[in-house]
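> Sharing a structure here in structure tokens format.
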There are 8 protein chains.
Amino acid sequence: MEVKKLTQLLTAFKDGSADLEATLTSLKHFPFEDMGFAKVDHHRALRTGYPEVVFCQGKTHDQVIQIFQALEKHNDSILLTRAEPDLFAKLRKIADRLLYNETARTISLEKEEREKTGSVLVITAGTADIPVAEEAVVTAGISGAKVTRLYDAGVAGVHRLLAHNDQIQQARCIVAVAGMEGALPSVVGGLAPCPVIAVPTSVGYGSHLGGLAPLFTMLNSCAPNITVVNIDNGFGAGFCAAMINKE
Amino acid sequence: MEVKKLTQLLTAFKDGSADLEATLTSLKHFPFEDMGFAKVDHHRALRTGYPEVVFCQGKTHDQVIQIFQALEKHNDSILLTRAEPDLFAKLRKIADRLLYNETARTISLEKEEREKTGSVLVITAGTADIPVAEEAVVTAGISGAKVTRLYDAGVAGVHRLLAHNDQIQQARCIVAVAGMEGALPSVVGGLAPCPVIAVPTSVGYGSHLGGLAPLFTMLNSCAPNITVVNIDNGFGAGFCAAMINKE
Amino acid sequence: MEVKKLTQLLTAFKDGSADLEATLTSLKHFPFEDMGFAKVDHHRALRTGYPEVVFCQGKTHDQVIQIFQALEKHNDSILLTRAEPDLFAKLRKIADRLLYNETARTISLEKEEREKTGSVLVITAGTADIPVAEEAVVTAGISGAKVTRLYDAGVAGVHRLLAHNDQIQQARCIVAVAGMEGALPSVVGGLAPCPVIAVPTSVGYGSHLGGLAPLFTMLNSCAPNITVVNIDNGFGAGFCAAMINKE
Amino acid sequence: MEVKKLTQLLTAFKDGSADLEATLTSLKHFPFEDMGFAKVDHHRALRTGYPEVVFCQGKTHDQVIQIFQALEKHNDSILLTRAEPDLFAKLRKIADRLLYNETARTISLEKEEREKTGSVLVITAGTADIPVAEEAVVTAGISGAKVTRLYDAGVAGVHRLLAHNDQIQQARCIVAVAGMEGALPSVVGGLAPCPVIAVPTSVGYGSHLGGLAPLFTMLNSCAPNITVVNIDNGFGAGFCAAMINKE
Amino acid sequence: MEVKKLTQLLTAFKDGSADLEATLTSLKHFPFEDMGFAKVDHHRALRTGYPEVVFCQGKTHDQVIQIFQALEKHNDSILLTRAEPDLFAKLRKIADRLLYNETARTISLEKEEREKTGSVLVITAGTADIPVAEEAVVTAGISGAKVTRLYDAGVAGVHRLLAHNDQIQQARCIVAVAGMEGALPSVVGGLAPCPVIAVPTSVGYGSHLGGLAPLFTMLNSCAPNITVVNIDNGFGAGFCAAMINKE
Amino acid sequence: MEVKKLTQLLTAFKDGSADLEATLTSLKHFPFEDMGFAKVDHHRALRTGYPEVVFCQGKTHDQVIQIFQALEKHNDSILLTRAEPDLFAKLRKIADRLLYNETARTISLEKEEREKTGSVLVITAGTADIPVAEEAVVTAGISGAKVTRLYDAGVAGVHRLLAHNDQIQQARCIVAVAGMEGALPSVVGGLAPCPVIAVPTSVGYGSHLGGLAPLFTMLNSCAPNITVVNIDNGFGAGFCAAMINKE
Amino acid sequence: MEVKKLTQLLTAFKDGSADLEATLTSLKHFPFEDMGFAKVDHHRALRTGYPEVVFCQGKTHDQVIQIFQALEKHNDSILLTRAEPDLFAKLRKIADRLLYNETARTISLEKEEREKTGSVLVITAGTADIPVAEEAVVTAGISGAKVTRLYDAGVAGVHRLLAHNDQIQQARCIVAVAGMEGALPSVVGGLAPCPVIAVPTSVGYGSHLGGLAPLFTMLNSCAPNITVVNIDNGFGAGFCAAMINKE
Amino acid sequence: MEVKKLTQLLTAFKDGSADLEATLTSLKHFPFEDMGFAKVDHHRALRTGYPEVVFCQGKTHDQVIQIFQALEKHNDSILLTRAEPDLFAKLRKIADRLLYNETARTISLEKEEREKTGSVLVITAGTADIPVAEEAVVTAGISGAKVTRLYDAGVAGVHRLLAHNDQIQQARCIVAVAGMEGALPSVVGGLAPCPVIAVPTSVGYGSHLGGLAPLFTMLNSCAPNITVVNIDNGFGAGFCAAMINKE
């Protein structure tokens with residue numbers, strides 16, 4: 001709870017416009033709606049300009065739909081990640097203007113189109129990394145960032161990356177997505193004058209260990225301007241990139 | 001190599017002010033000085049405002065001193081990390097105005113004091129995490145950021161953290177440093193309206209696995225605004241925080 | 001074997017009411033019924049008030065049914081965990097009054113309703129952790145505890161948890177269930193005046209490692225009042241919570 | 001923050017005995033003393049009867065001494081764990097009535113002797129596990145529990161354990177400490193009518209993996225009444241055992 | 001190649017009954033039949049009394065059938081492990097007297113019944129470990145051992161094991177099969193006057209790690225008379241047990 | 001980019017046959033064709049005699065087909081690895097002269113048959129390792145090497161390997177493929193006068209860890225002439241073997 | 001407890017030569033002597049011919065000496081493993097006829113020389129594996145086995161092993177000790193007509209993982225007659241080998 | 001044993017110039033000298049031009065000296081790796097013309113200087129990787145290769161590497177040595193027309209895992225011309241590079 005809100009609550013209590021019980025209740029119940037199986041946040045004023053997000057994996061369709069309906073009343077933009085096509089088929093029956101990105105597995109709702117600003121560049125090492133990259137692209141976009149894609153630019157053919165150096169120089173934040181050995185962020189980090197968010201993917205086999213290999217590659221990078229998110233976490237990378245881009 | 005530099009080189013070649021051999025040589029030898037055991041970069045124009053950095057661990061004292069001397073001719077600010085006291089004792093004999101932070105194990109040189117801007121907040125979960133946090137503080141500072149410390153605010157006593165919520169609300173970027181279970185960034189991430197860089201530390205024992213436990217905690221955080229650096233990598237966190245702070 | 005039982009056996013042998021062979025046989029065969037593929041315990045006097053439990057995973061339906069029938073003759077309450085719906089469909093044909101909790105995947109039999117006492121609080125970090133939590137709820141309940149649920153109260157929105165602080169203060173034992181980064185028990189442990197049993201779940205992806213990430217988070221917690229059970233082991237947590245609640 | 005304390009603060013504010021600024025300050029600064037490198041808690045009313053605890057590992061001697069002095073003013077019992085002999089030598093110069101347990105590496109202060117109640121049994125599998133067990137013994141004792149030791153009763157000679165079955169039957173909580181294969185808690189759990197807290201130790205070699213082997217053994221135990229703490233965490237086991245013992 | 005065989009070959013060469021080329025050929029091609037995708041051994045005189053064994057997993061049905069047919073010409077007993085029912089259905093059409101053990105997933109052929117000797121005891125901790133145990137039982141049996149089963153005697157109910165102590169005392173070799181925490185061999189090893197072969201199984205969940213948990217438990221056992229085979233390797237345990245039993 | 005090409009570009013620019021814009025464009029776009037989701041290399045002059053390769057796993061059929069069509073215009077030989085039968089069914093409709101190796105899961109195109117030279121020997125430890133070995137055979141063959149197979153020659157029957165010692169002595173490079181314990185390369189390395197490329201396979205179970213066990217075996221080999229590729233990476237082994245064979 | 005002993009106790013109780021209390025005492029205290037920090041076994045009749053063993057690592061010198069003195073009164077042969085020279089220096093002052101094997105780090109006492117029987121062969125892959133092998137040699141010897149050494153016979157020079165094939169053929173049990181890749185047991189197992197006990201050692205570096213690499217190699221061996229003990233556990237291997245040798 | 005040698009032995013036996021016993025003896029004892037703790041190979045004709053090598057780690061100084069003396073009688077070049085300065089101090093007293101490379105920790109003896117041929121390029125990512133690289137340089141050199149060094153050319157400053165592209169184009173084999181994230185070989189592999197041997201080093205910290213991070217990076221490389229050796233195994237890389245260089 002922020003200091004400002006606390007001050008308002010206390011002042012209302014003192015001047016009699018709220019009694020003790022009501023004040024305590026406000027402190028407890030104000031910021032979210034309790035649905036039993038989920039507590040849905042409203043009015044997350046702290047982060048203006050970002051969508052409400054639902055991570056669908058591990059939730060039943062019914063749970064997702066109820067959460068969506070609660071959010072839809074109070075929010076202008078909503079993002080559902082890890083959403084399979086059949087969930088989308090159900091949701092579109094009860095809601096208009098939903099967009100489904102099949103590659104990214106995202107469902108998004110933007111009640112009114114906002115102008116996109118800044119410059120986020122999303123790079124992948126290979127073609128198979130594109131689904132994770134697209135999740136980042138969708139997330140950064142709905143969070144207000146202008147996004148450019150640069151796909152299949154892995155370092156085993158480093159000229160493919162160098163040829164797009166001008167895009168690297170102009171970005172405010174770069175998302176570098178790579179499976180296999182995950183070396184892309186190290187080379188990008190050495191070229192880029194901005195923060196690079198590295199996303200390891202589960203694309204690979206054998207000693208790739210489901211993405212742990214590129215994850216460790218990225219965490220151990222010699223380039224100083226690299227931070228890392230979880231394996232396949234295109235959402236987190238896109239969200240952070242939009243936040244950095246906005247600053 | 002940037003397009004602009006390449007354009008200059010090619011133009012000089014075309015108008016005769018540089019011949020073929022000289023142009024090839026420029027392309028090869030321009031950006032660094034070769035010392036045999038190290039290739040020292042100069043004029044890293046892309047990242048104005050950041051120090052040149054030497055990671056001392058694994059290098060002999062003689063190697064560090066030679067690298068320092070090469071850098072010192074061309075740079076206004078230099079940072080040496082993982083520097084033990086006896087290395088500092090040697091270096092201070094050949095260079096003025098060096099500062100040694102014993103907790104952070106850093107040696108820093110700023111030829112002229114720059115104004116610090118913005119707001120980076122460095123939080124630790126415990127007292128034993130302070131050395132890593134100090135490395136972040138020194139690095140962010142020499143890279144131009146105004147830095148605030150908030151130490152020993154771990155989540156097992158969450159009121160210690162909540163009491164400083166105003167600092168969290170005002171930061172442009174937060175560095176959250178934690179060993180043991182590494183839960184601090186998740187709570188901070190939920191409160192903060194800005195990017196949080198999580199730094200796991202090797203402080204712990206048993207199933208802590210030298211810092212892998214808090215590392216995985218941070219990578220799996222539910223908060224969307226968290227990215228992670230390597231265990232004990234206070235330098236990387238401070239560098240990225242300064243970069244985000246500057247944008 | 002307890003001293004008391006051994007004393008009885010020896011006394012019966014000495015006073016002639018049991019001969020040598022019979023005494024040896026008693027020592028061997030008394031406490032369980034041998035079914036070849038399973039040895040079913042009866043009269044577990046030591047733990048009055050707890051159900052007999054069958055872990056169904058890895059057993060054939062026929063084996064479970066035979067074990068159930070052997071137990072049903074001698075016990076007032078029986079709990080089957082990791083039970084799929086088709087197993088329940090078979091069992092209900094041969095037994096009355098069975099309850100199936102589809103979320104928890106438990107089948108339970110209580111011949112006569114017992115009064116529930118004390119106060120066990122079961123908290124989850126997210127919605128997807130509910131199946132494991134429900135296994136704990138069912139187990140603690142059939143073991144005699146009064147149980148309260150508090151779901152989707154993860155620490156990345158710490159106000160959701162703080163709003164229910166009064167429930168935390170009133171519990172005799174808390175079960176804290178969390179996947180992803182597993183930070184919930186650390187914050188709960190810092191608030192609670194009672195023992196907290198932490199249950200990591202397999203809810204997550206990437207470096208979550210099937211639940212090892214939250215498991216290690218919980219084992220490394222700074223809060224002193226936390227103990228941990230195996231990943232997804234709602235049963236064990238519920239059983240121990242009931243035992244602590246009863247003391 | 002508890003509801004009761006919050007109510008008091010709000011009431012004082014309303015009736016004018018505290019102004020807004022003071023109330024906010026109380027909310028922020030009340031529960032701990034900020035020493036820069038550490039935030040020391042006072043008046044942890046929630047857990048009456050437990051000592052304040054300092055984990056010394058990773059802190060400098062000066063830091064520990066300052067924390068001790070801050071705690072000593074407000075608390076009746078203090079426990080320092082992972083304390084080496086030379087730290088004790090320094091502390092005894094500035095404080096009376098300190099006790100040092102060399103095997104447990106604990107320093108403890110009890111201003112007045114309290115009566116010990118209930119029954120906690122601490123069992124070790126081998127002789128080399130005793131230091132961890134002693135940390136549990138000291139911790140449970142200073143937290144108010146009557147403690148009994150049963151050492152070197154590993155399951156490879158199961159008669160050594162069975163011979164003490166009466167002690168197992170009478171305990172309210174058992175701490176089972178084992179390195180090597182860590183099988184002790186499984187057998188104890190099968191015999192005991194009370195909760196068993198399992199403590200893996202780093203005693204072993206080869207595939208023991210610094211204690212991970214017995215840790216996983218204990219987490220996978222078939223006995224339902226077992227919970228686990230971190231490797232070598234005698235303190236946590238002793239603290240929880242005392243808490244369960246008290247209920 | 002044994003010295004005796006080499007001597008015979010050399011003598012035949014010297015006395016002219018074999019020329020150089022033939023001798024070299026013998027050295028190369030004598031001991032096995034080359035089928036391109038497999039090299040089938042015949043006349044493994046060194047290990048009289050053991051069956052030829054085919055590990056079916058990873059081989060196509062056609063490959064197994066061809067290998068079986070090559071073996072069947074020269075051997076009195078053949079064992080196929082990891083054999084699924086449909087493979088058995090194919091094989092029984094081309095061969096008589098095959099036995100299929102569905103639990104063990106073994107197909108066995110014994111052209112004439114041999115007397116079984118000695119005493120191998122196969123113990124399991126739980127019901128779900130029986131398939132692995134049955135593979136050991138079938139293997140030890142076809143290798144000439146008299147085998148006794150003792151199933152569901154895990155250490156969390158140690159009286160179930162102690163009740164069969166006489167069987168343990170009379171065995172020449174014991175195979176102890178356990179999933180979950182894998183503590184069974186430690187207790188058995190402490191009781192048994194003979195070698196114990198420990199078999200971890202993949203029965204378990206969570207931190208069980210597919211059987212690594214009980215594997216490490218067994219490798220770290222304090223009992224001195226325990227050796228270990230791979231997870232689920234009932235075949236290897238049964239083979240070695242028969243070999244030890246025969247000595 | 002090679003020096004030679006750079007020299008040509010610069011000279012063309014200087015003598016006016018190319019202007020600045022064209023030169024920059026050449027530097028950027030020359031070496032590959034951008035398809036959005038993939039950047040296809042042409043004219044990889046550096047490695048004459050090797051096919052263009054497409055790793056199909058993780059790509060959609062449409063993506064593979066478009067890449068194939070782009071490559072087919074400029075290349076004489078193309079290799080597709082990890083290609084399932086249904087992909088082959090689609091491709092053969094749009095292209096002639098494609099060969100499918102079902103065991104290796106490769107599709108290959110050689111526009112004109114080249115003479116195969118040198119001597120690469122591919123050995124497997126078992127029958128189940130053959131699919132990986134066949135991928136190596138196909139790759140080395142299309143890369144110009146004469147290849148010999150030696151299958152099912154594992155070291156647990158070391159005479160099977162020794163019988164083919166002459167083949168080992170005559171090879172210019174050996175590919176040794178093994179799952180299970182992966183000991184084959186150590187023995188082959190000790191016998192062979194040439195480089196041995198070791199390929200661990202995922203053939204095994206239990207503590208085999210999906211191929212990590214033989215991978216570590218091979219990396220730790222005492223034989224000095226062994227290098228290792230990723231688990232199941234028959235392609236990489238075949239490619240490197242052909243390269244060594246050609247030198 | 002064996003049936004025979006139990007029968008004697010019960011009979012003595014019945015015929016009045018022992019009263020109830022004495023009988024219970026016998027059942028509890030008979031088999032070991034309680035020293036507080038250790039419970040020392042006497043008269044382990046079940047395993048006639050084997051020494052009492054003390055694992056010194058993790059015990060203080062005083063503890064070892066007291067245990068030794070307790071054992072020395074009742075036993076003819078005692079073995080102390082992991083014993084450093086300074087412990088031996090202390091022990092020899094209070095006991096005669098102790099032998100110290102510096103390579104094996106064992107102290108052994110045999111009150112009267114027994115005839116050694118059978119044939120145990122101990123093989124090492126390299127020179128650095130000898131300390132572990134010597135522990136096996138000493139243990140098997142004091143347990144009654146005739147032992148032969150064959151050192152530095154690793155499989156990267158397989159002729160060194162084959163040259164000693166006659167020794168392999170004549171052994172009743174083989175102990176195969178190997179660090180690095182640990183391939184030795186697979187080749188030995190293929191040659192030997194007897195059980196092979198594989199001992200991985202911590203000799204190696206890098207991906208050797210402190211012995212886990214050869215441990216997994218051995219567990220995954222294709223040879224059917226191999227069982228495995230813990231890393232560096234020469235004692236366990238020697239003990240089991242003697243037991244198998246004796247049968 | 002090669003066919004040729006076997007033929008000679010058999011012919012000598014047949015024509016009477018060797019009797020049966022002598023022939024068997026030859027087969028057994030010919031290829032090495034048995035020193036008890038080591039079996040020293042002589043006349044390794046198969047690999048002409050390579051030194052005899054002694055891995056000193058884990059051997060006593062006396063053992064190394066005896067092995068060296070045995071080798072020195074029959075060989076023209078000898079290489080001792082992992083040799084500490086004090087071992088060199090001892091050896092130089094008994095042998096002439098020994099060279100010690102302190103960085104590589106190698107002692108080498110070349111009785112007569114051989115001409116070095118071909119072209120092996122050894123690249124490091126950083127300065128701290130030089131010791132491992134030097135071991136490769138020394139090994140490749142004594143094995144007959146002409147070697148060039150290119151140090152501190154890591155990919156986070158990719159221009160440092162590209163500037164030396166001509167050296168990369170001219171090499172017959174490249175050794176790429178890298179700690180930290182280990183991305184160097186991927187970029188080098190993409191540029192080089194020859195085989196690249198990747199050597200991970202233990203240079204790094206945190207999630208670097210003692211070199212496992214770069215090891216997995218290299219194994220998962222997208223570049224097809226890369227094979228990998230063990231962490232810090234400069235010797236193996238240098239040996240294989242020389243072998244490839246010679247072909």
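Chains: A, B, ... in order of the structure tokens. Residues: from 1 per chain. Ligands: from 1, in order shown.
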I need the strand (DSSP E or B) residues of region 89-195 of chain E per DSSP on the backbone, written as an MDAnalysis selection string.
chainID E and resid 99:101 106:110 117:124 145:150 173:178
> Name the residues in contact with Leu209 (chain A) at a cut-off of 12 Å, using only C-alpha atoms, excluding same-chain residues fewer than 6 positions from it; report them as a list in words.
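Selected residues are Gly179, Met180, Glu181, Pro200, Thr201, Ser202, Val203, Leu215, Phe216 and Ile231 of chain A; Gly206, Ser207 and Leu209 of chain C; Leu209, Gly210, Gly211, Leu212, Asn230 and Ile231 of chain F; Ala213, Phe216, Thr217, Leu219 and Asn220 of chain H.
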> In Å, rounded to a single decimal, give me how far CA of Ile65 (chain A) is from CA of Ala83 (chain A).
11.6 Å
> Define the interface residues of chain B facing chain D as those within 9 Å, counting only C-alpha atoms, and report them as a list in words.
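Putting it all together, I get Gly126, Thr127, Ala128, Asp129, Ile130, Arg149, Leu150, Tyr151, Asp152, Ala153, Gly157, His159, Arg160, Leu162, Ala163, His164, Val203, Gly204, Tyr205, Gly206, Ser207 and His208 of chain B.
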> When you look at Ile168 (chain B) with a cut-off of 12 Å (counting only C-alpha atoms), what residues show up, excluding the ones that are within fewer than 3 positions of it in the same chain? I need them as a compact mmCIF listing (two decimals) with N, CA and C atoms, in the first residue's frame.

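And here is the file that came out, result_15.txt:
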```
# COMPACT_ATOMS: atom_id res chain seq x y z
N MET A 1 0.83 -1.20 0.00
CA MET A 1 0.00 0.00 0.00
C MET A 1 0.86 1.25 0.00
N GLU A 2 0.55 2.18 -0.85
CA GLU A 2 1.36 3.39 -0.90
C GLU A 2 1.06 4.32 0.26
N VAL A 3 2.02 5.21 0.52
CA VAL A 3 1.86 6.20 1.59
C VAL A 3 0.65 7.09 1.31
N LEU A 46 -0.26 1.93 -9.77
CA LEU A 46 1.20 2.09 -9.80
C LEU A 46 1.79 1.91 -11.18
N SER B 119 17.49 7.80 -9.94
CA SER B 119 17.28 7.19 -8.64
C SER B 119 17.34 5.68 -8.75
N VAL B 120 18.45 5.11 -8.28
CA VAL B 120 18.58 3.65 -8.21
C VAL B 120 18.53 3.25 -6.75
N LEU B 121 17.68 2.28 -6.41
CA LEU B 121 17.56 1.81 -5.04
C LEU B 121 18.14 0.40 -4.95
N VAL B 122 19.10 0.21 -4.03
CA VAL B 122 19.71 -1.12 -3.85
C VAL B 122 19.26 -1.67 -2.50
N ILE B 123 18.54 -2.81 -2.54
CA ILE B 123 17.98 -3.41 -1.33
C ILE B 123 18.66 -4.76 -1.08
N THR B 148 20.58 4.89 -3.66
CA THR B 148 20.16 4.82 -2.26
C THR B 148 20.27 3.37 -1.80
N ARG B 149 20.69 3.19 -0.52
CA ARG B 149 20.81 1.84 0.04
C ARG B 149 19.65 1.56 0.98
N LEU B 150 19.15 0.31 0.96
CA LEU B 150 18.15 -0.17 1.93
C LEU B 150 18.53 -1.61 2.28
N LEU B 161 10.35 -4.11 5.10
CA LEU B 161 10.34 -3.68 3.71
C LEU B 161 9.21 -2.69 3.46
N LEU B 162 8.03 -2.99 3.98
CA LEU B 162 6.86 -2.14 3.74
C LEU B 162 7.08 -0.74 4.32
N ALA B 163 7.83 -0.67 5.39
CA ALA B 163 8.08 0.62 6.02
C ALA B 163 8.83 1.57 5.09
N HIS B 164 9.49 1.03 4.08
CA HIS B 164 10.25 1.86 3.15
C HIS B 164 9.59 1.89 1.78
N ASN B 165 8.29 1.70 1.76
CA ASN B 165 7.56 1.63 0.50
C ASN B 165 7.72 2.92 -0.32
N ALA B 171 11.82 5.03 -6.95
CA ALA B 171 13.00 4.60 -7.71
C ALA B 171 12.69 4.48 -9.20
N ARG B 172 13.71 4.71 -10.01
CA ARG B 172 13.59 4.45 -11.45
C ARG B 172 14.00 3.03 -11.78
N CYS B 173 14.86 2.45 -10.94
CA CYS B 173 15.26 1.05 -11.12
C CYS B 173 15.70 0.55 -9.76
N ILE B 174 15.34 -0.71 -9.44
CA ILE B 174 15.70 -1.28 -8.14
C ILE B 174 16.59 -2.49 -8.36
N VAL B 175 17.65 -2.58 -7.53
CA VAL B 175 18.47 -3.78 -7.49
C VAL B 175 18.14 -4.50 -6.18
N ALA B 176 17.63 -5.74 -6.28
CA ALA B 176 17.24 -6.49 -5.09
C ALA B 176 18.20 -7.67 -4.91
N PRO B 185 13.06 -10.25 -4.22
CA PRO B 185 12.62 -9.61 -5.48
C PRO B 185 11.14 -9.83 -5.79
N VAL B 187 8.56 -9.93 -3.71
CA VAL B 187 7.75 -8.98 -2.96
C VAL B 187 8.02 -7.56 -3.46
N VAL B 188 9.29 -7.23 -3.66
CA VAL B 188 9.63 -5.90 -4.18
C VAL B 188 9.00 -5.69 -5.55
N GLY B 189 9.09 -6.70 -6.40
CA GLY B 189 8.52 -6.59 -7.74
C GLY B 189 7.02 -6.31 -7.70
N GLY B 190 6.35 -6.91 -6.74
CA GLY B 190 4.92 -6.68 -6.61
C GLY B 190 4.58 -5.27 -6.16
N LEU B 191 5.50 -4.62 -5.45
CA LEU B 191 5.26 -3.27 -4.94
C LEU B 191 5.74 -2.18 -5.91
N ALA B 192 6.78 -2.49 -6.71
CA ALA B 192 7.49 -1.43 -7.43
C ALA B 192 6.87 -1.13 -8.79
N PRO B 193 6.83 0.15 -9.16
CA PRO B 193 6.34 0.53 -10.48
C PRO B 193 7.45 0.62 -11.52
N CYS B 194 8.62 0.07 -11.20
CA CYS B 194 9.78 0.17 -12.11
C CYS B 194 10.45 -1.19 -12.26
N PRO B 195 11.41 -1.32 -13.19
CA PRO B 195 12.11 -2.60 -13.36
C PRO B 195 12.93 -2.96 -12.12
N VAL B 196 12.92 -4.24 -11.78
CA VAL B 196 13.70 -4.75 -10.65
C VAL B 196 14.73 -5.74 -11.18
```
> Have a look at CA of Glu112 (chain D) and CA of Gln167 (chain D) and let me know their distance in Å, one decimal.
29.0 Å
> Using only C-alpha atoms, find the one residue out of H:Asp15, H:Glu102, H:Asp166, H:Glu110 that sits nearest to Asp76 (chain H).
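When distances to Asp76 (chain H) are compared using only C-alpha atoms, the smallest one comes from H:Glu110.
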> Could you list, as a list in words, every residue within 7 Å of Leu79 (chain D), counting only C-alpha atoms and ignoring same-chain residues fewer than 6 positions away?
Pro51, Glu52, Val53, Val54, Ile107, Ser108 and Leu109 of chain D
